[in-house]
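Engineer: The following file, coords.pdb, comprises PDB, N, CA and C atoms, pLDDT in the B column:
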```
ATOM      1  N   MET X1449     -10.122 -19.318 -25.534  1.00 70.00           N
ATOM      2  CA  MET X1449      -9.058 -20.296 -25.416  1.00 70.00           C
ATOM      3  C   MET X1449      -8.035 -20.124 -26.546  1.00 70.00           C
ATOM      4  N   VAL X1450      -8.534 -19.764 -27.701  1.00 67.00           N
ATOM      5  CA  VAL X1450      -7.638 -19.564 -28.842  1.00 67.00           C
ATOM      6  C   VAL X1450      -6.712 -18.385 -28.568  1.00 67.00           C
ATOM      7  N   VAL X1451      -7.239 -17.338 -27.965  1.00 74.00           N
ATOM      8  CA  VAL X1451      -6.428 -16.153 -27.662  1.00 74.00           C
ATOM      9  C   VAL X1451      -5.336 -16.511 -26.656  1.00 74.00           C
ATOM     10  N   LEU X1452      -5.682 -17.343 -25.668  1.00 78.00           N
ATOM     11  CA  LEU X1452      -4.692 -17.768 -24.676  1.00 78.00           C
ATOM     12  C   LEU X1452      -3.565 -18.569 -25.326  1.00 78.00           C
ATOM     13  N   LYS X1453      -3.922 -19.455 -26.251  1.00 81.00           N
ATOM     14  CA  LYS X1453      -2.896 -20.224 -26.967  1.00 81.00           C
ATOM     15  C   LYS X1453      -2.023 -19.315 -27.822  1.00 81.00           C
ATOM     16  N   LEU X1454      -2.643 -18.318 -28.456  1.00 84.00           N
ATOM     17  CA  LEU X1454      -1.883 -17.381 -29.276  1.00 84.00           C
ATOM     18  C   LEU X1454      -0.923 -16.565 -28.429  1.00 84.00           C
ATOM     19  N   ILE X1455      -1.383 -16.092 -27.273  1.00 83.00           N
ATOM     20  CA  ILE X1455      -0.520 -15.309 -26.380  1.00 83.00           C
ATOM     21  C   ILE X1455       0.636 -16.171 -25.868  1.00 83.00           C
ATOM     22  N   CYS X1456       0.348 -17.408 -25.477  1.00 79.00           N
ATOM     23  CA  CYS X1456       1.423 -18.308 -25.022  1.00 79.00           C
ATOM     24  C   CYS X1456       2.430 -18.569 -26.136  1.00 79.00           C
ATOM     25  N   GLY X1457       1.951 -18.744 -27.359  1.00 87.00           N
ATOM     26  CA  GLY X1457       2.850 -18.963 -28.489  1.00 87.00           C
ATOM     27  C   GLY X1457       3.749 -17.770 -28.753  1.00 87.00           C
ATOM     28  N   ILE X1458       3.187 -16.578 -28.683  1.00 87.00           N
ATOM     29  CA  ILE X1458       3.979 -15.361 -28.901  1.00 87.00           C
ATOM     30  C   ILE X1458       5.015 -15.189 -27.799  1.00 87.00           C
ATOM     31  N   ILE X1459       4.618 -15.438 -26.561  1.00 88.00           N
ATOM     32  CA  ILE X1459       5.564 -15.322 -25.443  1.00 88.00           C
ATOM     33  C   ILE X1459       6.701 -16.327 -25.597  1.00 88.00           C
ATOM     34  N   LEU X1460       6.378 -17.562 -25.980  1.00 86.00           N
ATOM     35  CA  LEU X1460       7.427 -18.570 -26.164  1.00 86.00           C
ATOM     36  C   LEU X1460       8.337 -18.233 -27.339  1.00 86.00           C
ATOM     37  N   LEU X1461       7.777 -17.657 -28.408  1.00 89.00           N
ATOM     38  CA  LEU X1461       8.594 -17.243 -29.543  1.00 89.00           C
ATOM     39  C   LEU X1461       9.565 -16.141 -29.132  1.00 89.00           C
ATOM     40  N   ILE X1462       9.066 -15.151 -28.411  1.00 89.00           N
ATOM     41  CA  ILE X1462       9.931 -14.069 -27.931  1.00 89.00           C
ATOM     42  C   ILE X1462      11.008 -14.626 -27.002  1.00 89.00           C
ATOM     43  N   LEU X1463      10.621 -15.525 -26.105  1.00 85.00           N
ATOM     44  CA  LEU X1463      11.594 -16.121 -25.188  1.00 85.00           C
ATOM     45  C   LEU X1463      12.669 -16.906 -25.948  1.00 85.00           C
ATOM     46  N   GLY X1464      12.280 -17.586 -27.012  1.00 88.00           N
ATOM     47  CA  GLY X1464      13.259 -18.300 -27.831  1.00 88.00           C
ATOM     48  C   GLY X1464      14.265 -17.368 -28.474  1.00 88.00           C
ATOM     49  N   PHE X1465      13.777 -16.244 -29.018  1.00 90.00           N
ATOM     50  CA  PHE X1465      14.693 -15.277 -29.615  1.00 90.00           C
ATOM     51  C   PHE X1465      15.590 -14.626 -28.565  1.00 90.00           C
ATOM     52  N   VAL X1466      15.049 -14.398 -27.372  1.00 88.00           N
ATOM     53  CA  VAL X1466      15.867 -13.819 -26.302  1.00 88.00           C
ATOM     54  C   VAL X1466      16.976 -14.789 -25.917  1.00 88.00           C
ATOM     55  N   TYR X1467      16.655 -16.095 -25.840  1.00 86.00           N
ATOM     56  CA  TYR X1467      17.690 -17.083 -25.536  1.00 86.00           C
ATOM     57  C   TYR X1467      18.780 -17.090 -26.603  1.00 86.00           C
ATOM     58  N   LEU X1468      18.397 -16.899 -27.858  1.00 91.00           N
ATOM     59  CA  LEU X1468      19.386 -16.937 -28.929  1.00 91.00           C
ATOM     60  C   LEU X1468      20.236 -15.674 -29.006  1.00 91.00           C
ATOM     61  N   TYR X1469      19.621 -14.502 -28.806  1.00 90.00           N
ATOM     62  CA  TYR X1469      20.322 -13.263 -29.105  1.00 90.00           C
ATOM     63  C   TYR X1469      20.656 -12.396 -27.888  1.00 90.00           C
ATOM     64  N   ARG X1470      20.067 -12.634 -26.738  1.00 89.00           N
ATOM     65  CA  ARG X1470      20.315 -11.820 -25.539  1.00 89.00           C
ATOM     66  C   ARG X1470      20.538 -12.705 -24.311  1.00 89.00           C
ATOM     67  N   PRO X1471      21.633 -13.446 -24.255  1.00 86.00           N
ATOM     68  CA  PRO X1471      21.839 -14.338 -23.111  1.00 86.00           C
ATOM     69  C   PRO X1471      22.004 -13.600 -21.787  1.00 86.00           C
ATOM     70  N   LYS X1472      22.488 -12.362 -21.817  1.00 92.00           N
ATOM     71  CA  LYS X1472      22.629 -11.598 -20.567  1.00 92.00           C
ATOM     72  C   LYS X1472      21.262 -11.286 -19.957  1.00 92.00           C
ATOM     73  N   LEU X1473      20.274 -11.051 -20.804  1.00 89.00           N
ATOM     74  CA  LEU X1473      18.921 -10.806 -20.307  1.00 89.00           C
ATOM     75  C   LEU X1473      18.355 -12.051 -19.630  1.00 89.00           C
ATOM     76  N   ILE X1474      18.648 -13.219 -20.162  1.00 85.00           N
ATOM     77  CA  ILE X1474      18.189 -14.472 -19.552  1.00 85.00           C
ATOM     78  C   ILE X1474      18.841 -14.662 -18.187  1.00 85.00           C
ATOM     79  N   ILE X1475      20.100 -14.293 -18.069  1.00 90.00           N
ATOM     80  CA  ILE X1475      20.783 -14.404 -16.774  1.00 90.00           C
ATOM     81  C   ILE X1475      20.139 -13.465 -15.758  1.00 90.00           C
ATOM     82  N   LYS X1476      19.781 -12.237 -16.186  1.00 90.00           N
ATOM     83  CA  LYS X1476      19.104 -11.299 -15.289  1.00 90.00           C
ATOM     84  C   LYS X1476      17.731 -11.818 -14.870  1.00 90.00           C
ATOM     85  N   ILE X1477      16.992 -12.400 -15.812  1.00 85.00           N
ATOM     86  CA  ILE X1477      15.678 -12.969 -15.493  1.00 85.00           C
ATOM     87  C   ILE X1477      15.826 -14.121 -14.516  1.00 85.00           C
ATOM     88  N   ASN X1478      16.837 -14.941 -14.716  1.00 86.00           N
ATOM     89  CA  ASN X1478      17.090 -16.064 -13.814  1.00 86.00           C
ATOM     90  C   ASN X1478      17.414 -15.580 -12.401  1.00 86.00           C
ATOM     91  N   LEU X1479      18.249 -14.552 -12.284  1.00 89.00           N
ATOM     92  CA  LEU X1479      18.570 -14.007 -10.966  1.00 89.00           C
ATOM     93  C   LEU X1479      17.336 -13.410 -10.290  1.00 89.00           C
ATOM     94  N   PHE X1480      16.494 -12.727 -11.067  1.00 87.00           N
ATOM     95  CA  PHE X1480      15.253 -12.176 -10.522  1.00 87.00           C
ATOM     96  C   PHE X1480      14.347 -13.290 -10.009  1.00 87.00           C
ATOM     97  N   ALA X1481      14.233 -14.361 -10.780  1.00 84.00           N
ATOM     98  CA  ALA X1481      13.375 -15.474 -10.373  1.00 84.00           C
ATOM     99  C   ALA X1481      13.895 -16.135  -9.106  1.00 84.00           C
ATOM    100  N   LYS X1482      15.200 -16.297  -9.011  1.00 84.00           N
ATOM    101  CA  LYS X1482      15.772 -16.897  -7.803  1.00 84.00           C
ATOM    102  C   LYS X1482      15.552 -16.010  -6.584  1.00 84.00           C
ATOM    103  N   GLU X1483      15.666 -14.705  -6.778  1.00 84.00           N
ATOM    104  CA  GLU X1483      15.581 -13.777  -5.649  1.00 84.00           C
ATOM    105  C   GLU X1483      14.150 -13.565  -5.174  1.00 84.00           C
ATOM    106  N   PHE X1484      13.205 -13.437  -6.091  1.00 79.00           N
ATOM    107  CA  PHE X1484      11.855 -13.054  -5.703  1.00 79.00           C
ATOM    108  C   PHE X1484      10.836 -14.187  -5.808  1.00 79.00           C
ATOM    109  N   LEU X1485      10.890 -14.981  -6.872  1.00 76.00           N
ATOM    110  CA  LEU X1485       9.864 -16.005  -7.055  1.00 76.00           C
ATOM    111  C   LEU X1485      10.131 -17.259  -6.242  1.00 76.00           C
ATOM    112  N   PHE X1486      11.361 -17.663  -6.146  1.00 78.00           N
ATOM    113  CA  PHE X1486      11.701 -18.906  -5.464  1.00 78.00           C
ATOM    114  C   PHE X1486      12.438 -18.661  -4.156  1.00 78.00           C
ATOM    115  N   ASN X1487      12.141 -17.565  -3.520  1.00 78.00           N
ATOM    116  CA  ASN X1487      12.759 -17.207  -2.253  1.00 78.00           C
ATOM    117  C   ASN X1487      12.075 -17.988  -1.135  1.00 78.00           C
ATOM    118  N   ASP X1488      12.831 -18.775  -0.385  1.00 78.00           N
ATOM    119  CA  ASP X1488      12.262 -19.635   0.653  1.00 78.00           C
ATOM    120  C   ASP X1488      11.587 -18.844   1.764  1.00 78.00           C
ATOM    121  N   THR X1489      12.167 -17.732   2.152  1.00 80.00           N
ATOM    122  CA  THR X1489      11.561 -16.965   3.246  1.00 80.00           C
ATOM    123  C   THR X1489      10.223 -16.376   2.827  1.00 80.00           C
ATOM    124  N   TYR X1490      10.113 -15.935   1.592  1.00 75.00           N
ATOM    125  CA  TYR X1490       8.841 -15.401   1.110  1.00 75.00           C
ATOM    126  C   TYR X1490       7.773 -16.487   1.089  1.00 75.00           C
ATOM    127  N   ILE X1491       8.149 -17.665   0.631  1.00 74.00           N
ATOM    128  CA  ILE X1491       7.196 -18.772   0.573  1.00 74.00           C
ATOM    129  C   ILE X1491       6.753 -19.175   1.972  1.00 74.00           C
ATOM    130  N   LEU X1492       7.672 -19.233   2.909  1.00 79.00           N
ATOM    131  CA  LEU X1492       7.313 -19.621   4.265  1.00 79.00           C
ATOM    132  C   LEU X1492       6.443 -18.575   4.958  1.00 79.00           C
ATOM    133  N   LEU X1493       6.684 -17.304   4.699  1.00 84.00           N
ATOM    134  CA  LEU X1493       5.921 -16.254   5.354  1.00 84.00           C
ATOM    135  C   LEU X1493       4.532 -16.050   4.738  1.00 84.00           C
ATOM    136  N   HIS X1494       4.399 -16.274   3.450  1.00 81.00           N
ATOM    137  CA  HIS X1494       3.147 -15.970   2.761  1.00 81.00           C
ATOM    138  C   HIS X1494       2.497 -17.215   2.164  1.00 81.00           C
ATOM    139  N   ARG X1495       2.732 -18.383   2.728  1.00 83.00           N
ATOM    140  CA  ARG X1495       2.243 -19.613   2.127  1.00 83.00           C
ATOM    141  C   ARG X1495       0.735 -19.703   2.146  1.00 83.00           C
ATOM    142  N   LYS X1496       0.077 -19.189   3.180  1.00 89.00           N
ATOM    143  CA  LYS X1496      -1.384 -19.259   3.242  1.00 89.00           C
ATOM    144  C   LYS X1496      -2.023 -18.364   2.187  1.00 89.00           C
ATOM    145  N   LYS X1497      -1.485 -17.170   1.999  1.00 88.00           N
ATOM    146  CA  LYS X1497      -2.020 -16.273   0.975  1.00 88.00           C
ATOM    147  C   LYS X1497      -1.836 -16.867  -0.421  1.00 88.00           C
ATOM    148  N   ILE X1498      -0.662 -17.427  -0.660  1.00 83.00           N
ATOM    149  CA  ILE X1498      -0.383 -18.019  -1.966  1.00 83.00           C
ATOM    150  C   ILE X1498      -1.283 -19.232  -2.189  1.00 83.00           C
ATOM    151  N   GLY X1499      -1.449 -20.047  -1.168  1.00 86.00           N
ATOM    152  CA  GLY X1499      -2.302 -21.223  -1.283  1.00 86.00           C
ATOM    153  C   GLY X1499      -3.746 -20.863  -1.579  1.00 86.00           C
ATOM    154  N   VAL X1500      -4.283 -19.878  -0.876  1.00 91.00           N
ATOM    155  CA  VAL X1500      -5.661 -19.443  -1.112  1.00 91.00           C
ATOM    156  C   VAL X1500      -5.799 -18.860  -2.512  1.00 91.00           C
ATOM    157  N   PHE X1501      -4.809 -18.110  -2.962  1.00 92.00           N
ATOM    158  CA  PHE X1501      -4.832 -17.533  -4.304  1.00 92.00           C
ATOM    159  C   PHE X1501      -4.930 -18.628  -5.357  1.00 92.00           C
ATOM    160  N   PHE X1502      -4.111 -19.684  -5.241  1.00 88.00           N
ATOM    161  CA  PHE X1502      -4.145 -20.773  -6.211  1.00 88.00           C
ATOM    162  C   PHE X1502      -5.447 -21.558  -6.132  1.00 88.00           C
ATOM    163  N   ILE X1503      -6.005 -21.735  -4.945  1.00 92.00           N
ATOM    164  CA  ILE X1503      -7.277 -22.433  -4.819  1.00 92.00           C
ATOM    165  C   ILE X1503      -8.394 -21.631  -5.481  1.00 92.00           C
ATOM    166  N   VAL X1504      -8.411 -20.316  -5.285  1.00 92.00           N
ATOM    167  CA  VAL X1504      -9.425 -19.468  -5.924  1.00 92.00           C
ATOM    168  C   VAL X1504      -9.287 -19.526  -7.443  1.00 92.00           C
ATOM    169  N   LEU X1505      -8.062 -19.463  -7.943  1.00 90.00           N
ATOM    170  CA  LEU X1505      -7.858 -19.568  -9.391  1.00 90.00           C
ATOM    171  C   LEU X1505      -8.336 -20.914  -9.929  1.00 90.00           C
ATOM    172  N   SER X1506      -8.070 -21.982  -9.198  1.00 90.00           N
ATOM    173  CA  SER X1506      -8.493 -23.302  -9.664  1.00 90.00           C
ATOM    174  C   SER X1506     -10.006 -23.434  -9.647  1.00 90.00           C
ATOM    175  N   VAL X1507     -10.674 -22.873  -8.628  1.00 88.00           N
ATOM    176  CA  VAL X1507     -12.138 -22.921  -8.581  1.00 88.00           C
ATOM    177  C   VAL X1507     -12.732 -22.145  -9.751  1.00 88.00           C
ATOM    178  N   ILE X1508     -12.163 -20.996 -10.072  1.00 90.00           N
ATOM    179  CA  ILE X1508     -12.647 -20.219 -11.211  1.00 90.00           C
ATOM    180  C   ILE X1508     -12.453 -20.999 -12.507  1.00 90.00           C
ATOM    181  N   ALA X1509     -11.297 -21.626 -12.684  1.00 85.00           N
ATOM    182  CA  ALA X1509     -11.024 -22.400 -13.897  1.00 85.00           C
ATOM    183  C   ALA X1509     -11.955 -23.603 -14.003  1.00 85.00           C
ATOM    184  N   ILE X1510     -12.193 -24.289 -12.898  1.00 88.00           N
ATOM    185  CA  ILE X1510     -13.094 -25.445 -12.915  1.00 88.00           C
ATOM    186  C   ILE X1510     -14.518 -24.996 -13.226  1.00 88.00           C
ATOM    187  N   TYR X1511     -14.946 -23.881 -12.652  1.00 88.00           N
ATOM    188  CA  TYR X1511     -16.280 -23.359 -12.929  1.00 88.00           C
ATOM    189  C   TYR X1511     -16.424 -22.999 -14.404  1.00 88.00           C
ATOM    190  N   MET X1512     -15.405 -22.359 -14.977  1.00 86.00           N
ATOM    191  CA  MET X1512     -15.465 -21.987 -16.386  1.00 86.00           C
ATOM    192  C   MET X1512     -15.543 -23.221 -17.276  1.00 86.00           C
ATOM    193  N   ALA X1513     -14.757 -24.247 -16.966  1.00 84.00           N
ATOM    194  CA  ALA X1513     -14.794 -25.484 -17.749  1.00 84.00           C
ATOM    195  C   ALA X1513     -16.139 -26.192 -17.579  1.00 84.00           C
ATOM    196  N   TRP X1514     -16.654 -26.217 -16.364  1.00 86.00           N
ATOM    197  CA  TRP X1514     -17.925 -26.875 -16.087  1.00 86.00           C
ATOM    198  C   TRP X1514     -19.066 -26.181 -16.830  1.00 86.00           C
ATOM    199  N   SER X1515     -19.044 -24.859 -16.857  1.00 83.00           N
ATOM    200  CA  SER X1515     -20.102 -24.130 -17.548  1.00 83.00           C
ATOM    201  C   SER X1515     -20.051 -24.355 -19.056  1.00 83.00           C
ATOM    202  N   CYS X1516     -18.873 -24.587 -19.604  1.00 80.00           N
ATOM    203  CA  CYS X1516     -18.761 -24.908 -21.032  1.00 80.00           C
ATOM    204  C   CYS X1516     -19.295 -26.300 -21.322  1.00 80.00           C
ATOM    205  N   PHE X1517     -19.088 -27.244 -20.406  1.00 80.00           N
ATOM    206  CA  PHE X1517     -19.573 -28.610 -20.604  1.00 80.00           C
ATOM    207  C   PHE X1517     -21.095 -28.695 -20.491  1.00 80.00           C
ATOM    208  N   ILE X1518     -21.671 -27.860 -19.673  1.00 83.00           N
ATOM    209  CA  ILE X1518     -23.126 -27.900 -19.467  1.00 83.00           C
ATOM    210  C   ILE X1518     -23.872 -27.396 -20.700  1.00 83.00           C
ATOM    211  N   ARG X1519     -23.307 -26.450 -21.421  1.00 77.00           N
ATOM    212  CA  ARG X1519     -23.980 -25.898 -22.616  1.00 77.00           C
ATOM    213  C   ARG X1519     -24.147 -26.912 -23.638  1.00 77.00           C
TER     214      ARG X1519
END
```
Turn the structure described in the file into structure tokens.
Structural biologist:
Amino acid sequence: MVVLKLICGIILLILGFVYLYRPKLIIKINLFAKEFLFNDTYILLHRKKIGVFFIVLSVIAIYMAWSCFIR
């Protein structure tokens, strides 16, 4: 868990510096996100696959948390 927090902190630090010094890169990332991540047709066509993927991830996360509580 500590490693995950450290990785998230490093990613957020890098993102902060990118916002300050490379605004054109942020615009490119935003366009990529609009085109591929938040594309309505992709979501409508692949909603079952995406839904199952998130359910599997949540079951794994719940199992990992549950196993830590049992110890």
Engineer: I'd like to know which residues of chain X are alpha helix (DSSP H) (by DSSP, run on the backbone); could you write them as a ChimeraX atom specification?
Structural biologist: /X:1450-1469,1471-1480,1488-1493,1495-1518
Engineer: To one decimal place, how far is CA of Phe1484 (chain X) from CA of Gly1499 (chain X) in Å?
Structural biologist: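 A separation of 16.9 Å between them.
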Engineer: So the first atom is atom N of Phe1480 (chain X) and the second is CA of Ser1506 (chain X); what is the distance between them in Å, to one decimal place?
Structural biologist: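 Straight-line distance from atom N of Phe1480 (chain X) to CA of Ser1506 (chain X) works out to 27.2 Å.
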Engineer: Using the file's own x, y and z axes, what box holds all listed atoms of region 1458-1475 of chain X with 6 Å on each side, keeping edges along x, y and z, and what are its centre and edge lengths in Å to one decimal, as lines of an AutoDock Vina configuration file?
Structural biologist:
```
center_x = 12.9
center_y = -14.7
center_z = -22.7
size_x = 31.4
size_y = 19.8
size_z = 25.9
```
Engineer: Report the distance between CA of Leu1505 (chain X) and CA of Met1449 (chain X) in Å, rounded to one decimal place.
Structural biologist: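 Computed distance, CA of Leu1505 (chain X) to CA of Met1449 (chain X), equals 16.1 Å.
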